[in-house]
Amino acid sequence: MLNYKGNLWVRKNYVLGNRTQYPLFLGTVAGTLLLYLYCDFVLLQKYCEIPNLSKVIVTFQILSIYSMFRVNMTEPGVQMQTISDDKYFDGKLCEKCQAIKIDRCYHCKFCDHCVNDFEAHCFLMATCIGRRNIKYLLGLVTFTGIALYLLLLILIYKLFISDCKKELTFIILNIVSLVLTLVHLNPFIYTTWRNASQNWTKKEMNRTKFNGSPSYIYKNYKQFFTRFYDSQLYESLMQY
């Protein structure tokens with residue numbers, strides 16, 4: 001919580017996520033845990049012949065669960081609000097929540113507040129995705145994807161190289177399930193990494209030409225993984 005002299009700015013009380021959507025979030029966590037338990041105690045124990053590889057997969061699974069909770073529990077970047085009778089403020093305010101309007105700040109109709117670098121409202125995570133928790137969403141989809149790809153490689157190895165004719169149908173069904181899951185997950189991984197490399201939000205995608213300069217991409221990734229503050233807001237505050 002940030003305090004400014006004279007109480008010119010106040011932040012609206014923020015509750016972790018959207019409480020009405022918590023059943024969806026808890027269901028997502030439970031479903032993910034069941035998937036990982038099935039992968040670990042059925043597929044890995046049965047088909048993985050490299051113990052260290054199993055540990056790597058489990059590590060990525062733990063990281064994805066951690067990222068899931070961080071997405072939900074990290075305040076997404078709820079914008080500051082002004083005191084309603086502040087006669088010294090002459091900037092733009094949101095008509096719905098009276099938050100200070102700056103670039104890339106949009107109102108979420110589900111949470112009823114404005115969020116900096118607003119991406120979308122994620123029902124499965126029961127929260128908005130914005131400046132402060134977008135990197136955890138990136139970690140979630142990336143760690144999940146790596147764990148599933150490694151498991152898929154193990155099953156493909158068993159299917160084409162090892163002698164497992166008795167369990168051929170079971171292996172094929174699991175491969176098909178993993179492929180379908182990754183087909184739906186890959187666009188999220190690609191889009192999030194691509195937007196981070198260009199300093200885009202979801203609303204800004206493809207409005208400007210993609211810049212493939214390594215220095216430009218590095219600068220944007222560095223900013224993406226380290227930004228926790230409202231730089232534009234701080235600059236406007238210095239005027240008072």
# chains A, B, ... in the order shown; residues from 1 in each chain; ligands from 1
call {"tool": "select_by_dssp", "arguments": {"residues": "region 104-234 of chain A", "states": "helix (DSSP H, G or I)", "output": "VMD selection string"}}
result
chain A and resid 134 to 160 165 to 198 202 to 204 214 to 226 231 to 234
call {"tool": "select_by_dssp", "arguments": {"residues": "region 20-189 of chain A", "states": "strand (DSSP E)", "output": "PyMOL selection string"}}
result
chain A and resi 80-82+105-108+113-116+120-122+127-129
call {"tool": "residues_around", "arguments": {"residues": "Phe69 (chain A)", "least_positions_apart": "2", "cutoff": "10 Å", "atoms": "only C-alpha atoms", "output": "list in words"}}
result
Phe25, Val29, Ser64, Ile65, Tyr66, Ser67, Val71, Asn72, Met73, Thr74, Met125, Tyr136, Leu137 and Leu140 of chain A
call {"tool": "atom_distance", "arguments": {"atom1": "CA of Asn186 (chain A)", "atom2": "CA of Gly145 (chain A)"}}
result
7.6 Å
call {"tool": "atom_distance", "arguments": {"atom1": "CA of His121 (chain A)", "atom2": "CA of Tyr22 (chain A)"}}
result
13.3 Å
call {"tool": "residues_around", "arguments": {"residues": "Asn116 (chain A)", "least_positions_apart": "5", "cutoff": "7 Å", "atoms": "only C-alpha atoms", "output": "VMD selection string"}}
result
chain A and resid 77 to 79 104 to 106 130 to 131
call {"tool": "write_last_selection", "arguments": {"atoms": "all heavy atoms", "output": "compact mmCIF listing (two decimals), in the first residue's frame"}}
result
# COMPACT_ATOMS: atom_id res chain seq x y z
N GLY A 77 -2.68 -4.99 -10.47
CA GLY A 77 -2.33 -3.63 -10.88
C GLY A 77 -3.54 -2.73 -10.88
O GLY A 77 -3.74 -1.94 -11.81
N VAL A 78 -4.37 -2.86 -9.84
CA VAL A 78 -5.58 -2.05 -9.72
C VAL A 78 -5.19 -0.58 -9.64
O VAL A 78 -4.32 -0.21 -8.85
CB VAL A 78 -6.40 -2.47 -8.48
CG1 VAL A 78 -7.63 -1.59 -8.33
CG2 VAL A 78 -6.80 -3.93 -8.59
N GLN A 79 -5.82 0.22 -10.45
CA GLN A 79 -5.44 1.63 -10.56
C GLN A 79 -5.89 2.43 -9.34
O GLN A 79 -6.89 2.12 -8.70
CB GLN A 79 -6.03 2.21 -11.84
CG GLN A 79 -5.69 3.66 -12.10
CD GLN A 79 -4.20 3.90 -12.21
OE1 GLN A 79 -3.43 3.59 -11.31
NE2 GLN A 79 -3.77 4.49 -13.32
N ARG A 104 -3.12 2.47 -21.32
CA ARG A 104 -3.14 1.02 -21.12
C ARG A 104 -3.84 0.62 -19.82
O ARG A 104 -3.58 -0.43 -19.25
CB ARG A 104 -1.71 0.46 -21.13
CG ARG A 104 -0.90 0.91 -22.31
CD ARG A 104 0.52 0.43 -22.24
NE ARG A 104 0.61 -0.94 -22.73
CZ ARG A 104 1.75 -1.63 -22.76
NH1 ARG A 104 2.86 -1.08 -22.33
NH2 ARG A 104 1.77 -2.85 -23.22
N CYS A 105 -4.70 1.48 -19.35
CA CYS A 105 -5.48 1.18 -18.15
C CYS A 105 -6.94 1.02 -18.57
O CYS A 105 -7.52 1.94 -19.15
CB CYS A 105 -5.32 2.30 -17.13
SG CYS A 105 -6.29 2.06 -15.62
N TYR A 106 -7.53 -0.14 -18.29
CA TYR A 106 -8.89 -0.44 -18.73
C TYR A 106 -9.73 -0.95 -17.56
O TYR A 106 -9.21 -1.54 -16.62
CB TYR A 106 -8.88 -1.47 -19.86
CG TYR A 106 -8.15 -1.02 -21.09
CD1 TYR A 106 -6.81 -1.37 -21.29
CD2 TYR A 106 -8.76 -0.24 -22.06
CE1 TYR A 106 -6.11 -0.95 -22.41
CE2 TYR A 106 -8.08 0.18 -23.19
CZ TYR A 106 -6.76 -0.17 -23.36
OH TYR A 106 -6.08 0.24 -24.46
N GLY A 130 -3.14 -8.45 -15.27
CA GLY A 130 -2.63 -7.12 -15.54
C GLY A 130 -1.14 -7.02 -15.31
O GLY A 130 -0.41 -8.02 -15.34
N ARG A 131 -0.69 -5.82 -15.04
CA ARG A 131 0.75 -5.52 -14.97
C ARG A 131 1.50 -6.39 -13.98
O ARG A 131 2.61 -6.84 -14.26
CB ARG A 131 0.93 -4.04 -14.61
CG ARG A 131 2.38 -3.63 -14.38
CD ARG A 131 2.51 -2.15 -14.16
NE ARG A 131 2.11 -1.41 -15.36
CZ ARG A 131 2.11 -0.09 -15.45
NH1 ARG A 131 2.44 0.63 -14.40
NH2 ARG A 131 1.75 0.50 -16.56
call {"tool": "decode", "arguments": {"residues": "region 190-209 of chain A", "atoms": "N, CA, C and O atoms", "output": "CSV table (one decimal), in the first residue's frame"}}
result
chain,number,residue,atom,x,y,z
A,190,TYR,N,2.5,-19.1,-26.9
A,190,TYR,CA,3.1,-18.3,-28.0
A,190,TYR,C,2.6,-16.9,-27.9
A,190,TYR,O,3.5,-15.9,-28.0
A,191,THR,N,1.3,-16.6,-27.7
A,191,THR,CA,0.8,-15.2,-27.6
A,191,THR,C,1.4,-14.5,-26.5
A,191,THR,O,1.8,-13.3,-26.6
A,192,THR,N,1.5,-15.1,-25.3
A,192,THR,CA,2.0,-14.4,-24.1
A,192,THR,C,3.5,-14.1,-24.3
A,192,THR,O,3.9,-12.9,-24.0
A,193,TRP,N,4.3,-15.0,-24.8
A,193,TRP,CA,5.7,-14.7,-25.0
A,193,TRP,C,5.9,-13.7,-26.1
A,193,TRP,O,6.8,-12.8,-26.0
A,194,ARG,N,5.1,-13.7,-27.1
A,194,ARG,CA,5.2,-12.8,-28.2
A,194,ARG,C,4.9,-11.4,-27.8
A,194,ARG,O,5.6,-10.4,-28.1
A,195,ASN,N,3.8,-11.2,-27.0
A,195,ASN,CA,3.3,-9.9,-26.6
A,195,ASN,C,4.4,-9.3,-25.6
A,195,ASN,O,4.6,-8.1,-25.6
A,196,ALA,N,4.9,-10.2,-24.7
A,196,ALA,CA,6.0,-9.7,-23.8
A,196,ALA,C,7.2,-9.2,-24.5
A,196,ALA,O,7.8,-8.2,-24.1
A,197,SER,N,7.5,-9.9,-25.6
A,197,SER,CA,8.7,-9.5,-26.4
A,197,SER,C,8.5,-8.1,-27.0
A,197,SER,O,9.5,-7.4,-27.4
A,198,GLN,N,7.3,-7.7,-27.3
A,198,GLN,CA,7.0,-6.4,-28.0
A,198,GLN,C,6.4,-5.4,-27.1
A,198,GLN,O,6.0,-4.3,-27.5
A,199,ASN,N,6.3,-5.7,-25.8
A,199,ASN,CA,5.6,-4.8,-24.8
A,199,ASN,C,4.2,-4.5,-25.2
A,199,ASN,O,3.7,-3.3,-25.2
A,200,TRP,N,3.5,-5.5,-25.7
A,200,TRP,CA,2.1,-5.4,-26.1
A,200,TRP,C,1.2,-5.9,-25.0
A,200,TRP,O,1.5,-6.8,-24.3
A,201,THR,N,0.0,-5.4,-24.9
A,201,THR,CA,-1.1,-6.0,-24.2
A,201,THR,C,-2.0,-6.7,-25.2
A,201,THR,O,-1.8,-6.6,-26.4
A,202,LYS,N,-3.0,-7.4,-24.7
A,202,LYS,CA,-3.9,-8.1,-25.6
A,202,LYS,C,-4.6,-7.2,-26.6
A,202,LYS,O,-4.8,-7.5,-27.8
A,203,LYS,N,-4.9,-6.0,-26.1
A,203,LYS,CA,-5.7,-5.0,-26.9
A,203,LYS,C,-4.8,-4.4,-28.0
A,203,LYS,O,-5.3,-3.7,-28.9
A,204,GLU,N,-3.4,-4.5,-27.8
A,204,GLU,CA,-2.5,-3.8,-28.7
A,204,GLU,C,-1.9,-4.8,-29.7
A,204,GLU,O,-1.0,-4.4,-30.5
A,205,MET,N,-2.3,-6.0,-29.7
A,205,MET,CA,-1.7,-7.0,-30.6
A,205,MET,C,-1.9,-6.6,-32.0
A,205,MET,O,-3.0,-6.2,-32.5
A,206,ASN,N,-0.8,-6.7,-32.8
A,206,ASN,CA,-0.8,-6.5,-34.2
A,206,ASN,C,-1.1,-5.1,-34.7
A,206,ASN,O,-1.3,-4.9,-35.9
A,207,ARG,N,-1.1,-4.2,-33.7
A,207,ARG,CA,-1.4,-2.8,-34.1
A,207,ARG,C,-0.1,-2.2,-34.7
A,207,ARG,O,-0.1,-1.2,-35.5
A,208,THR,N,1.0,-2.7,-34.3
A,208,THR,CA,2.3,-2.2,-34.8
A,208,THR,C,3.1,-3.4,-35.3
A,208,THR,O,2.8,-4.6,-35.0
A,209,LYS,N,4.1,-3.2,-36.2
A,209,LYS,CA,4.8,-4.2,-36.8
A,209,LYS,C,5.8,-4.9,-35.8
A,209,LYS,O,6.3,-4.2,-34.9
